[in-house]
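Enquirer: Below is the structure I would like to discuss, written out as C-alpha cells.
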Amino acid sequence: LLGRLHLPDQLDHARHGAHGIGLLGEGIGGADDMGGGRLLGRAVQHGLPLLELRQHRLEDVLAAIAVEVDLEIGDAAVRNAVDGIISGQQQAGVTDARNTIAHLQIVRPEAVKRISENHIIPVVAPLWVPYDPEYSQHEIDYLGQERFDNEYRIKDFFDLGCPVNFHSDYPVSPDIDMPLTIYCAVTRTDLVHGAAGVHGIGQAVTRQQALEAMTFNVAYQLKEENRLGMLKPGMVANLSIYDVDFLKDPIEKVPNANVVATYVDGNIVYPKR
C-alpha cells in the first residue's frame, strides 16, 4: 500500500516525506489480544515487504521507517501494542526504530517501564487531560476512580527518560494550539474549567519539558534531530516568535500567547512583508 503512495508533486519533498507506517487501533481495547499484538509485531518485523522496498535490507528499512500505533484508551490495548512492537524489534534486531504509541490515556506502571526500556516513544495529547464534567464522570463510571486518576502519565514517561512527544489530536480535538498545550501539560487543566478541571496534578510536567515535547523531541522521533528542533547555529531556522515567554512569564499568560512572526528556512513567512 505504501509503495503505491505518492506525495503530490507540488509539495516540497525536502520537507515532506513518509516517515513511518501508521496503524490505527482506536478504541478501548479488550482483554483479548484478538491478534492485534501479533499483527503489529509482523508489521514492525516486516517493514520491508510492507513498503515494497525489496532492494533494501530489513534492518535498513526498520532503521528509517517507524511504526506509529494510534490508540485511544485502554491499558490492555497499550499492553498489546507494546508486546507487538517489542516482538518486531527483537526479531528484526533493531533498537533505534523510534516506534511510537499515541494517546496512551490509560497505561499501567509496568507498561510505562517497558515503553522506556524498549525505546518506544510515547505521544500524548495534553489538551485531553483536563477534567470535563460532560464526559469525565462517564469515564469514572466505566474505568473506576483509580484508573481515571492515573490517566496520561506524562511525568512518569519523562522521569524514565522517554523523549515524550505532544500532539493535538486535531481534528478530534478542536484546537491546534501550542501555547494551550503547554498550559494543559503544566497545570493539568484548561482555561474553560480552571481549578475544577485539574486532573492528575501529580503528572504535571515542567514548562521546559512541555516545550521540548513539541520541538526537539519531535525532531528526534523523526530522526531529524541534527537539523531541526533547536535554536543553534547550523540548524534549519524554522521557528515562530510569540509575544509571551513560555518559560518565564506567569503561566496564566501562556495560553493567550499570540504569534508575532514565523520563519521557514530562515525566511519570514508571517506576517507577509
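If you're wondering about the labels, chains in the C-alpha cells are A, B, ... by order shown, residues count from 1 in each chain, ligands from 1 in order shown.
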Per residue of region 71-110 of chain A within 9 Å of region 115-139 of chain A, record the nearest atom pair and its distance in Å to one decimal, counting only C-alpha atoms, with rows in chain order and ascending residue number, as a Markdown table.

Expert:
| residue | atom | partner | partner_atom | distance |
| --- | --- | --- | --- | --- |
| A:Val82 | CA | A:Ile115 | CA | 6.8 |
| A:Ile85 | CA | A:Ile120 | CA | 8.1 |
| A:Ile86 | CA | A:Asn118 | CA | 6.8 |
| A:Gln89 | CA | A:Asn118 | CA | 8.7 |
| A:Thr95 | CA | A:His119 | CA | 7.2 |
| A:Asp96 | CA | A:His119 | CA | 7.2 |
| A:Ala97 | CA | A:His119 | CA | 8.3 |
| A:Arg98 | CA | A:Ile120 | CA | 5.9 |
| A:Asn99 | CA | A:Ile120 | CA | 5.3 |
| A:Thr100 | CA | A:Ile121 | CA | 4.5 |
| A:Ile101 | CA | A:Pro122 | CA | 5.4 |
| A:Ala102 | CA | A:Val123 | CA | 4.4 |
| A:His103 | CA | A:Val124 | CA | 4.7 |
| A:Leu104 | CA | A:Val124 | CA | 6.3 |
| A:Gln105 | CA | A:Val124 | CA | 7.8 |
| A:Glu110 | CA | A:Ile115 | CA | 8.7 |

Enquirer: Using the selection just defined, write its residues with all heavy atoms as a compact mmCIF listing (two decimals), in the first residue's frame.

Expert:
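New file part.txt:
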# COMPACT_ATOMS: atom_id res chain seq x y z
N VAL A 82 2.55 -2.63 22.94
CA VAL A 82 3.93 -2.74 23.43
C VAL A 82 4.48 -4.13 23.12
O VAL A 82 5.62 -4.28 22.65
CB VAL A 82 4.00 -2.45 24.95
CG1 VAL A 82 5.39 -2.75 25.49
CG2 VAL A 82 3.63 -1.00 25.22
N ILE A 85 5.30 -4.33 19.31
CA ILE A 85 6.48 -3.56 18.91
C ILE A 85 7.75 -4.23 19.41
O ILE A 85 8.73 -4.36 18.68
CB ILE A 85 6.38 -2.11 19.43
CG1 ILE A 85 5.30 -1.35 18.64
CG2 ILE A 85 7.72 -1.40 19.32
CD1 ILE A 85 5.08 0.07 19.13
N ILE A 86 7.74 -4.68 20.66
CA ILE A 86 8.93 -5.33 21.20
C ILE A 86 9.25 -6.59 20.42
O ILE A 86 10.41 -6.86 20.07
CB ILE A 86 8.74 -5.65 22.69
CG1 ILE A 86 8.69 -4.36 23.52
CG2 ILE A 86 9.87 -6.55 23.20
CD1 ILE A 86 8.35 -4.58 24.97
N GLN A 89 10.73 -5.61 17.03
CA GLN A 89 12.08 -5.06 17.18
C GLN A 89 13.09 -6.16 17.46
O GLN A 89 14.20 -6.17 16.92
CB GLN A 89 12.11 -4.01 18.30
CG GLN A 89 11.39 -2.72 17.95
CD GLN A 89 11.43 -1.68 19.05
OE1 GLN A 89 11.09 -0.53 18.84
NE2 GLN A 89 11.84 -2.09 20.25
N THR A 95 17.16 -1.62 17.38
CA THR A 95 16.96 -0.98 18.69
C THR A 95 16.67 0.52 18.57
O THR A 95 16.32 1.15 19.55
CB THR A 95 18.19 -1.16 19.59
OG1 THR A 95 19.33 -0.59 18.93
CG2 THR A 95 18.43 -2.64 19.86
N ASP A 96 16.82 1.09 17.37
CA ASP A 96 16.62 2.53 17.22
C ASP A 96 15.61 2.83 16.12
O ASP A 96 15.79 3.75 15.33
CB ASP A 96 17.95 3.22 16.91
CG ASP A 96 17.85 4.75 17.03
OD1 ASP A 96 17.06 5.21 17.88
OD2 ASP A 96 18.53 5.46 16.28
N ALA A 97 14.52 2.05 16.07
CA ALA A 97 13.49 2.30 15.07
C ALA A 97 12.65 3.52 15.43
O ALA A 97 12.04 4.13 14.56
CB ALA A 97 12.58 1.08 14.94
N ARG A 98 12.62 3.88 16.71
CA ARG A 98 11.83 5.01 17.21
C ARG A 98 10.35 4.84 16.88
O ARG A 98 9.68 5.76 16.42
CB ARG A 98 12.39 6.34 16.68
CG ARG A 98 13.87 6.51 17.04
CD ARG A 98 14.44 7.86 16.71
NE ARG A 98 15.90 7.79 16.81
CZ ARG A 98 16.73 8.81 16.60
NH1 ARG A 98 16.24 9.99 16.28
NH2 ARG A 98 18.03 8.65 16.71
N ASN A 99 9.87 3.63 17.13
CA ASN A 99 8.44 3.36 17.02
C ASN A 99 7.70 4.15 18.09
O ASN A 99 8.23 4.43 19.16
CB ASN A 99 8.17 1.86 17.19
CG ASN A 99 8.82 1.04 16.10
OD1 ASN A 99 8.58 1.25 14.92
ND2 ASN A 99 9.67 0.10 16.50
N THR A 100 6.46 4.50 17.80
CA THR A 100 5.69 5.33 18.73
C THR A 100 4.33 4.71 19.04
O THR A 100 3.78 3.94 18.25
CB THR A 100 5.46 6.74 18.15
OG1 THR A 100 4.59 6.66 17.02
CG2 THR A 100 6.77 7.38 17.72
N ILE A 101 3.80 5.08 20.21
CA ILE A 101 2.42 4.76 20.56
C ILE A 101 1.76 6.07 20.97
O ILE A 101 2.27 6.81 21.82
CB ILE A 101 2.33 3.76 21.72
CG1 ILE A 101 3.04 2.45 21.35
CG2 ILE A 101 0.87 3.48 22.07
CD1 ILE A 101 3.01 1.42 22.47
N ALA A 102 0.63 6.38 20.34
CA ALA A 102 -0.03 7.66 20.56
C ALA A 102 -1.23 7.53 21.49
O ALA A 102 -1.86 6.49 21.57
CB ALA A 102 -0.46 8.26 19.23
N HIS A 103 -1.53 8.62 22.16
CA HIS A 103 -2.62 8.83 23.12
C HIS A 103 -2.22 8.34 24.52
O HIS A 103 -2.05 9.16 25.41
CB HIS A 103 -3.93 8.20 22.68
CG HIS A 103 -4.54 8.85 21.48
ND1 HIS A 103 -4.60 10.21 21.31
CD2 HIS A 103 -5.10 8.32 20.37
CE1 HIS A 103 -5.18 10.50 20.17
NE2 HIS A 103 -5.48 9.37 19.57
N LEU A 104 -2.15 7.03 24.71
CA LEU A 104 -1.69 6.49 25.99
C LEU A 104 -2.47 7.08 27.16
O LEU A 104 -1.90 7.51 28.15
CB LEU A 104 -0.19 6.77 26.16
CG LEU A 104 0.71 6.02 25.15
CD1 LEU A 104 2.10 6.61 25.14
CD2 LEU A 104 0.76 4.54 25.47
N GLN A 105 -3.76 7.04 27.04
CA GLN A 105 -4.61 7.62 28.08
C GLN A 105 -4.55 6.81 29.37
O GLN A 105 -4.45 7.38 30.46
CB GLN A 105 -6.05 7.72 27.58
CG GLN A 105 -6.98 8.45 28.54
CD GLN A 105 -8.31 8.78 27.89
OE1 GLN A 105 -8.47 8.69 26.68
NE2 GLN A 105 -9.29 9.15 28.68
N GLU A 110 3.78 -0.76 34.83
CA GLU A 110 4.71 -1.70 34.23
C GLU A 110 4.86 -1.46 32.72
O GLU A 110 5.92 -1.68 32.13
CB GLU A 110 4.28 -3.15 34.48
CG GLU A 110 2.89 -3.51 34.03
CD GLU A 110 1.81 -3.28 35.09
OE1 GLU A 110 2.03 -2.46 36.00
OE2 GLU A 110 0.76 -3.94 34.99

Enquirer: Quick one: residues within 10 Å of Arg188 (chain A), only C-alpha atoms counted, chain neighbours fewer than 6 positions away excluded, as a list in words?

Expert: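 Neighbouring residues, sequence-local ones excluded: Pro126, Leu127, Trp128, Val129, Pro130, Tyr131, Tyr152, Thr181, Ile182, Gly194, Ala195, Gly197, Val198, His199, Gly200, Ile201, Gly202, Gln203, Ala204 and Val205 of chain A.
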
Enquirer: Could you write those residues out with N, CA and C atoms, as a PDB file, in the first residue's frame?

Expert:
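Writing the result to again-v1.pdb gives the following:
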ATOM      1  N   PRO A 126      -1.919  16.593  25.643  1.00  0.00           N
ATOM      2  CA  PRO A 126      -2.307  17.260  26.899  1.00  0.00           C
ATOM      3  C   PRO A 126      -3.641  17.983  26.833  1.00  0.00           C
ATOM      4  N   LEU A 127      -4.090  18.337  25.640  1.00  0.00           N
ATOM      5  CA  LEU A 127      -5.375  19.026  25.529  1.00  0.00           C
ATOM      6  C   LEU A 127      -6.536  18.172  26.041  1.00  0.00           C
ATOM      7  N   TRP A 128      -6.336  16.835  26.117  1.00  0.00           N
ATOM      8  CA  TRP A 128      -7.387  15.942  26.600  1.00  0.00           C
ATOM      9  C   TRP A 128      -7.278  15.681  28.102  1.00  0.00           C
ATOM     10  N   VAL A 129      -6.276  16.228  28.754  1.00  0.00           N
ATOM     11  CA  VAL A 129      -6.048  15.927  30.168  1.00  0.00           C
ATOM     12  C   VAL A 129      -7.114  16.482  31.106  1.00  0.00           C
ATOM     13  N   PRO A 130      -7.562  17.748  30.976  1.00  0.00           N
ATOM     14  CA  PRO A 130      -8.438  18.348  31.988  1.00  0.00           C
ATOM     15  C   PRO A 130      -9.726  17.562  32.250  1.00  0.00           C
ATOM     16  N   TYR A 131     -10.177  17.650  33.486  1.00  0.00           N
ATOM     17  CA  TYR A 131     -11.458  17.065  33.883  1.00  0.00           C
ATOM     18  C   TYR A 131     -12.578  17.840  33.211  1.00  0.00           C
ATOM     19  N   TYR A 152      -3.018   9.588  31.540  1.00  0.00           N
ATOM     20  CA  TYR A 152      -1.998  10.456  30.939  1.00  0.00           C
ATOM     21  C   TYR A 152      -0.783  10.615  31.852  1.00  0.00           C
ATOM     22  N   THR A 181      -1.465  23.895  24.782  1.00  0.00           N
ATOM     23  CA  THR A 181      -0.936  22.565  25.071  1.00  0.00           C
ATOM     24  C   THR A 181       0.087  22.634  26.204  1.00  0.00           C
ATOM     25  N   ILE A 182       0.968  23.621  26.162  1.00  0.00           N
ATOM     26  CA  ILE A 182       1.934  23.811  27.253  1.00  0.00           C
ATOM     27  C   ILE A 182       1.200  24.049  28.562  1.00  0.00           C
ATOM     28  N   GLY A 194     -10.732  25.702  34.664  1.00  0.00           N
ATOM     29  CA  GLY A 194      -9.965  26.271  35.766  1.00  0.00           C
ATOM     30  C   GLY A 194      -9.596  25.235  36.821  1.00  0.00           C
ATOM     31  N   ALA A 195      -9.688  25.649  38.091  1.00  0.00           N
ATOM     32  CA  ALA A 195      -9.311  24.768  39.202  1.00  0.00           C
ATOM     33  C   ALA A 195     -10.172  23.511  39.242  1.00  0.00           C
ATOM     34  N   GLY A 197     -11.109  21.815  36.832  1.00  0.00           N
ATOM     35  CA  GLY A 197     -10.724  20.898  35.773  1.00  0.00           C
ATOM     36  C   GLY A 197      -9.399  20.202  35.989  1.00  0.00           C
ATOM     37  N   VAL A 198      -8.740  20.462  37.140  1.00  0.00           N
ATOM     38  CA  VAL A 198      -7.444  19.831  37.401  1.00  0.00           C
ATOM     39  C   VAL A 198      -7.614  18.321  37.486  1.00  0.00           C
ATOM     40  N   HIS A 199      -6.795  17.612  36.720  1.00  0.00           N
ATOM     41  CA  HIS A 199      -6.922  16.157  36.628  1.00  0.00           C
ATOM     42  C   HIS A 199      -5.526  15.548  36.692  1.00  0.00           C
ATOM     43  N   GLY A 200      -5.230  14.855  37.776  1.00  0.00           N
ATOM     44  CA  GLY A 200      -3.947  14.179  37.910  1.00  0.00           C
ATOM     45  C   GLY A 200      -2.771  15.115  38.022  1.00  0.00           C
ATOM     46  N   ILE A 201      -2.821  16.039  38.981  1.00  0.00           N
ATOM     47  CA  ILE A 201      -1.776  17.051  39.102  1.00  0.00           C
ATOM     48  C   ILE A 201      -0.404  16.425  39.356  1.00  0.00           C
ATOM     49  N   GLY A 202      -0.372  15.230  39.883  1.00  0.00           N
ATOM     50  CA  GLY A 202       0.906  14.558  40.112  1.00  0.00           C
ATOM     51  C   GLY A 202       1.650  14.219  38.844  1.00  0.00           C
ATOM     52  N   GLN A 203       0.973  14.279  37.701  1.00  0.00           N
ATOM     53  CA  GLN A 203       1.602  14.000  36.405  1.00  0.00           C
ATOM     54  C   GLN A 203       1.917  15.280  35.632  1.00  0.00           C
ATOM     55  N   ALA A 204       1.836  16.440  36.302  1.00  0.00           N
ATOM     56  CA  ALA A 204       2.199  17.704  35.663  1.00  0.00           C
ATOM     57  C   ALA A 204       3.692  17.719  35.350  1.00  0.00           C
ATOM     58  N   VAL A 205       4.061  18.361  34.252  1.00  0.00           N
ATOM     59  CA  VAL A 205       5.462  18.448  33.850  1.00  0.00           C
ATOM     60  C   VAL A 205       5.910  19.904  33.885  1.00  0.00           C
TER      61      VAL A 205
END

Enquirer: Could you give me, as a list of chain:residue names, each residue of region 67-252 of chain A that DSSP assigns to strand (DSSP E) when run on this structure's backbone?

Expert: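 Result set for region 67-252 of chain A (strand (DSSP E)): A:Val67, A:Glu68, A:Val69, A:Asp70, A:Leu71, A:Thr100, A:Ile101, A:Ala102, A:Ile121, A:Pro122, A:Val123, A:Val124, A:Asn165, A:Phe166, A:Leu239, A:Ser240, A:Ile241, A:Tyr242.
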
Enquirer: I need the chosen residues saved as an mmCIF file, in the first residue's frame, with C-alpha atoms.

Expert:
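Final output, saved to selection-v8.cif:
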data_model
loop_
_atom_site.group_PDB
_atom_site.id
_atom_site.type_symbol
_atom_site.label_atom_id
_atom_site.label_comp_id
_atom_site.auth_asym_id
_atom_site.auth_seq_id
_atom_site.Cartn_x
_atom_site.Cartn_y
_atom_site.Cartn_z
ATOM 1 C CA VAL A 67 5.536 2.179 13.207
ATOM 2 C CA GLU A 68 3.115 4.589 14.853
ATOM 3 C CA VAL A 69 0.253 2.976 16.751
ATOM 4 C CA ASP A 70 -2.729 5.225 17.389
ATOM 5 C CA LEU A 71 -4.645 4.125 20.497
ATOM 6 C CA THR A 100 5.692 5.325 18.731
ATOM 7 C CA ILE A 101 2.417 4.763 20.562
ATOM 8 C CA ALA A 102 -0.028 7.660 20.561
ATOM 9 C CA ILE A 121 8.359 6.921 22.004
ATOM 10 C CA PRO A 122 5.173 7.976 23.861
ATOM 11 C CA VAL A 123 2.977 10.532 22.071
ATOM 12 C CA VAL A 124 0.387 12.221 24.297
ATOM 13 C CA ASN A 165 6.066 13.918 22.026
ATOM 14 C CA PHE A 166 2.926 16.043 22.301
ATOM 15 C CA LEU A 239 10.585 28.932 14.101
ATOM 16 C CA SER A 240 7.745 31.034 15.453
ATOM 17 C CA ILE A 241 8.106 34.055 17.718
ATOM 18 C CA TYR A 242 5.444 34.702 20.354
#

Enquirer: Report the distance between CA of Pro109 (chain A) and CA of Ser173 (chain A) in Å, rounded to one decimal place.

Expert: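 Between CA of Pro109 (chain A) and CA of Ser173 (chain A) the gap works out to 26.4 Å.
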
Enquirer: Mind giving me the straight-line distance from CA of Gln90 (chain A) to CA of Asn226 (chain A) in Å, one decimal?

Expert: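 Computing it gives 26.6 Å between the two atoms.
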
Enquirer: Might you pull out every residue within 12 Å of Arg227 (chain A), with only C-alpha atoms counted and same-chain residues fewer than 5 positions away left off, and present them as a ChimeraX atom specification?

Expert: /A:15,215-216,218-220,222,232-238,265

Enquirer: Those residues with C-alpha atoms, as an mmCIF file, in the first residue's frame please?

Expert:
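The file below, again14.cif, is the result:
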data_model
loop_
_atom_site.group_PDB
_atom_site.id
_atom_site.type_symbol
_atom_site.label_atom_id
_atom_site.label_comp_id
_atom_site.auth_asym_id
_atom_site.auth_seq_id
_atom_site.Cartn_x
_atom_site.Cartn_y
_atom_site.Cartn_z
ATOM 1 C CA ARG A 15 10.254 18.862 3.822
ATOM 2 C CA THR A 215 10.240 20.801 19.396
ATOM 3 C CA PHE A 216 13.400 18.749 19.875
ATOM 4 C CA VAL A 218 9.520 15.581 17.768
ATOM 5 C CA ALA A 219 12.599 16.096 15.608
ATOM 6 C CA TYR A 220 14.220 13.158 17.414
ATOM 7 C CA LEU A 222 11.526 11.748 13.008
ATOM 8 C CA LYS A 232 21.545 26.811 17.414
ATOM 9 C CA PRO A 233 23.991 27.545 14.596
ATOM 10 C CA GLY A 234 23.751 25.086 11.736
ATOM 11 C CA MET A 235 20.143 24.060 12.405
ATOM 12 C CA VAL A 236 17.305 24.836 9.986
ATOM 13 C CA ALA A 237 15.677 28.115 11.050
ATOM 14 C CA ASN A 238 12.036 27.000 11.179
ATOM 15 C CA ASP A 265 14.271 28.127 6.302
#

Enquirer: Might you pull out every residue within 12 Å of Leu143 (chain A), with only C-alpha atoms counted and same-chain residues fewer than 3 positions away left off, and present them as a list in words?

Expert: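 Selected residues are Ile28, Ile73, Gly74, Asp75, Gln105, Ile106, Ser136, Gln137, His138, Glu139, Ile140, Glu146, Arg147, Phe148, Asp149, Asn150 and Glu151 of chain A.
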
Enquirer: Save out the residues we just selected, all heavy atoms, as a compact mmCIF listing (two decimals), in the first residue's frame.

Expert:
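Printed below is out.txt as written:
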# COMPACT_ATOMS: atom_id res chain seq x y z
N ILE A 28 -11.18 1.15 23.02
CA ILE A 28 -10.82 0.80 24.38
C ILE A 28 -9.83 -0.35 24.43
O ILE A 28 -8.89 -0.33 25.20
CB ILE A 28 -12.09 0.46 25.18
CG1 ILE A 28 -12.96 1.72 25.32
CG2 ILE A 28 -11.76 -0.12 26.53
CD1 ILE A 28 -14.33 1.46 25.85
N ILE A 73 -8.08 4.78 24.43
CA ILE A 73 -7.95 4.45 25.84
C ILE A 73 -7.89 2.94 25.99
O ILE A 73 -8.32 2.20 25.12
CB ILE A 73 -9.11 5.02 26.69
CG1 ILE A 73 -10.44 4.41 26.26
CG2 ILE A 73 -9.16 6.52 26.59
CD1 ILE A 73 -11.60 4.82 27.14
N GLY A 74 -7.34 2.49 27.10
CA GLY A 74 -7.33 1.06 27.37
C GLY A 74 -5.95 0.52 27.63
O GLY A 74 -5.10 0.49 26.75
N ASP A 75 -5.70 0.12 28.87
CA ASP A 75 -4.38 -0.40 29.22
C ASP A 75 -4.13 -1.75 28.54
O ASP A 75 -2.98 -2.10 28.26
CB ASP A 75 -4.19 -0.51 30.73
CG ASP A 75 -5.46 -0.93 31.46
OD1 ASP A 75 -6.36 -1.48 30.81
OD2 ASP A 75 -5.54 -0.69 32.67
N GLN A 105 -3.76 7.04 27.04
CA GLN A 105 -4.61 7.62 28.08
C GLN A 105 -4.55 6.81 29.37
O GLN A 105 -4.45 7.38 30.46
CB GLN A 105 -6.05 7.72 27.58
CG GLN A 105 -6.98 8.45 28.54
CD GLN A 105 -8.31 8.78 27.89
OE1 GLN A 105 -8.47 8.69 26.68
NE2 GLN A 105 -9.29 9.15 28.68
N ILE A 106 -4.61 5.50 29.25
CA ILE A 106 -4.54 4.65 30.43
C ILE A 106 -3.38 3.67 30.25
O ILE A 106 -3.41 2.84 29.33
CB ILE A 106 -5.85 3.87 30.66
CG1 ILE A 106 -7.03 4.83 30.73
CG2 ILE A 106 -5.77 3.04 31.93
CD1 ILE A 106 -8.37 4.13 30.76
N SER A 136 -16.17 13.20 31.77
CA SER A 136 -15.26 12.56 32.72
C SER A 136 -15.98 11.62 33.68
O SER A 136 -15.44 10.57 34.05
CB SER A 136 -14.47 13.62 33.50
OG SER A 136 -13.57 14.29 32.65
N GLN A 137 -17.19 11.98 34.09
CA GLN A 137 -17.91 11.11 35.01
C GLN A 137 -18.24 9.77 34.35
O GLN A 137 -18.26 8.73 35.02
CB GLN A 137 -19.20 11.78 35.49
CG GLN A 137 -19.92 11.01 36.59
CD GLN A 137 -19.04 10.75 37.80
OE1 GLN A 137 -18.43 11.67 38.35
NE2 GLN A 137 -18.95 9.49 38.24
N HIS A 138 -18.49 9.79 33.05
CA HIS A 138 -18.73 8.54 32.34
C HIS A 138 -17.48 7.66 32.37
O HIS A 138 -17.56 6.44 32.49
CB HIS A 138 -19.13 8.82 30.89
CG HIS A 138 -20.44 9.53 30.75
ND1 HIS A 138 -21.64 8.97 31.12
CD2 HIS A 138 -20.74 10.77 30.30
CE1 HIS A 138 -22.63 9.82 30.90
NE2 HIS A 138 -22.11 10.93 30.39
N GLU A 139 -16.31 8.30 32.24
CA GLU A 139 -15.06 7.54 32.34
C GLU A 139 -14.91 6.91 33.72
O GLU A 139 -14.52 5.75 33.85
CB GLU A 139 -13.86 8.45 32.08
CG GLU A 139 -13.71 8.91 30.64
CD GLU A 139 -12.41 9.67 30.47
OE1 GLU A 139 -11.36 9.13 30.86
OE2 GLU A 139 -12.45 10.81 29.98
N ILE A 140 -15.19 7.69 34.75
CA ILE A 140 -15.07 7.19 36.12
C ILE A 140 -16.01 6.00 36.34
O ILE A 140 -15.63 4.98 36.93
CB ILE A 140 -15.36 8.30 37.14
CG1 ILE A 140 -14.29 9.40 37.03
CG2 ILE A 140 -15.41 7.75 38.56
CD1 ILE A 140 -14.60 10.64 37.84
N GLU A 146 -9.64 4.98 40.42
CA GLU A 146 -8.17 4.85 40.43
C GLU A 146 -7.58 4.95 39.04
O GLU A 146 -6.60 5.67 38.81
CB GLU A 146 -7.76 3.52 41.07
CG GLU A 146 -6.24 3.32 41.11
CD GLU A 146 -5.84 1.97 41.66
OE1 GLU A 146 -6.73 1.19 42.06
OE2 GLU A 146 -4.63 1.68 41.68
N ARG A 147 -8.16 4.25 38.07
CA ARG A 147 -7.62 4.30 36.72
C ARG A 147 -7.82 5.69 36.12
O ARG A 147 -6.96 6.20 35.40
CB ARG A 147 -8.29 3.23 35.85
CG ARG A 147 -7.96 1.81 36.29
CD ARG A 147 -8.84 0.81 35.58
NE ARG A 147 -8.32 0.46 34.26
CZ ARG A 147 -9.06 -0.16 33.34
NH1 ARG A 147 -10.31 -0.48 33.60
NH2 ARG A 147 -8.53 -0.47 32.18
N PHE A 148 -8.95 6.30 36.43
CA PHE A 148 -9.19 7.65 35.92
C PHE A 148 -8.17 8.63 36.49
O PHE A 148 -7.64 9.48 35.77
CB PHE A 148 -10.61 8.11 36.28
CG PHE A 148 -10.90 9.53 35.89
CD1 PHE A 148 -11.20 9.85 34.56
CD2 PHE A 148 -10.85 10.55 36.83
CE1 PHE A 148 -11.46 11.17 34.20
CE2 PHE A 148 -11.11 11.87 36.47
CZ PHE A 148 -11.41 12.18 35.15
N ASP A 149 -7.89 8.52 37.78
CA ASP A 149 -6.95 9.46 38.42
C ASP A 149 -5.54 9.34 37.87
O ASP A 149 -4.74 10.28 38.02
CB ASP A 149 -6.92 9.21 39.94
CG ASP A 149 -8.21 9.65 40.63
OD1 ASP A 149 -8.97 10.43 40.02
OD2 ASP A 149 -8.44 9.21 41.77
N ASN A 150 -5.22 8.22 37.26
CA ASN A 150 -3.86 7.99 36.77
C ASN A 150 -3.76 8.01 35.25
O ASN A 150 -2.84 7.44 34.67
CB ASN A 150 -3.33 6.66 37.31
CG ASN A 150 -3.03 6.72 38.79
OD1 ASN A 150 -2.02 7.29 39.20
ND2 ASN A 150 -3.91 6.15 39.60
N GLU A 151 -4.70 8.72 34.62
CA GLU A 151 -4.64 8.85 33.17
C GLU A 151 -3.50 9.79 32.75
O GLU A 151 -3.09 10.67 33.50
CB GLU A 151 -5.96 9.41 32.62
CG GLU A 151 -7.12 8.43 32.69
CD GLU A 151 -8.38 9.00 32.10
OE1 GLU A 151 -8.53 10.24 32.04
OE2 GLU A 151 -9.23 8.20 31.68

Enquirer: Looking at A:Val244, A:Pro255, A:Lys113, A:Pro250, which one is nearest to Asp175 (chain A), with distances taken over only C-alpha atoms?

Expert: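 Distance minimum relative to Asp175 (chain A) lands on A:Pro255.
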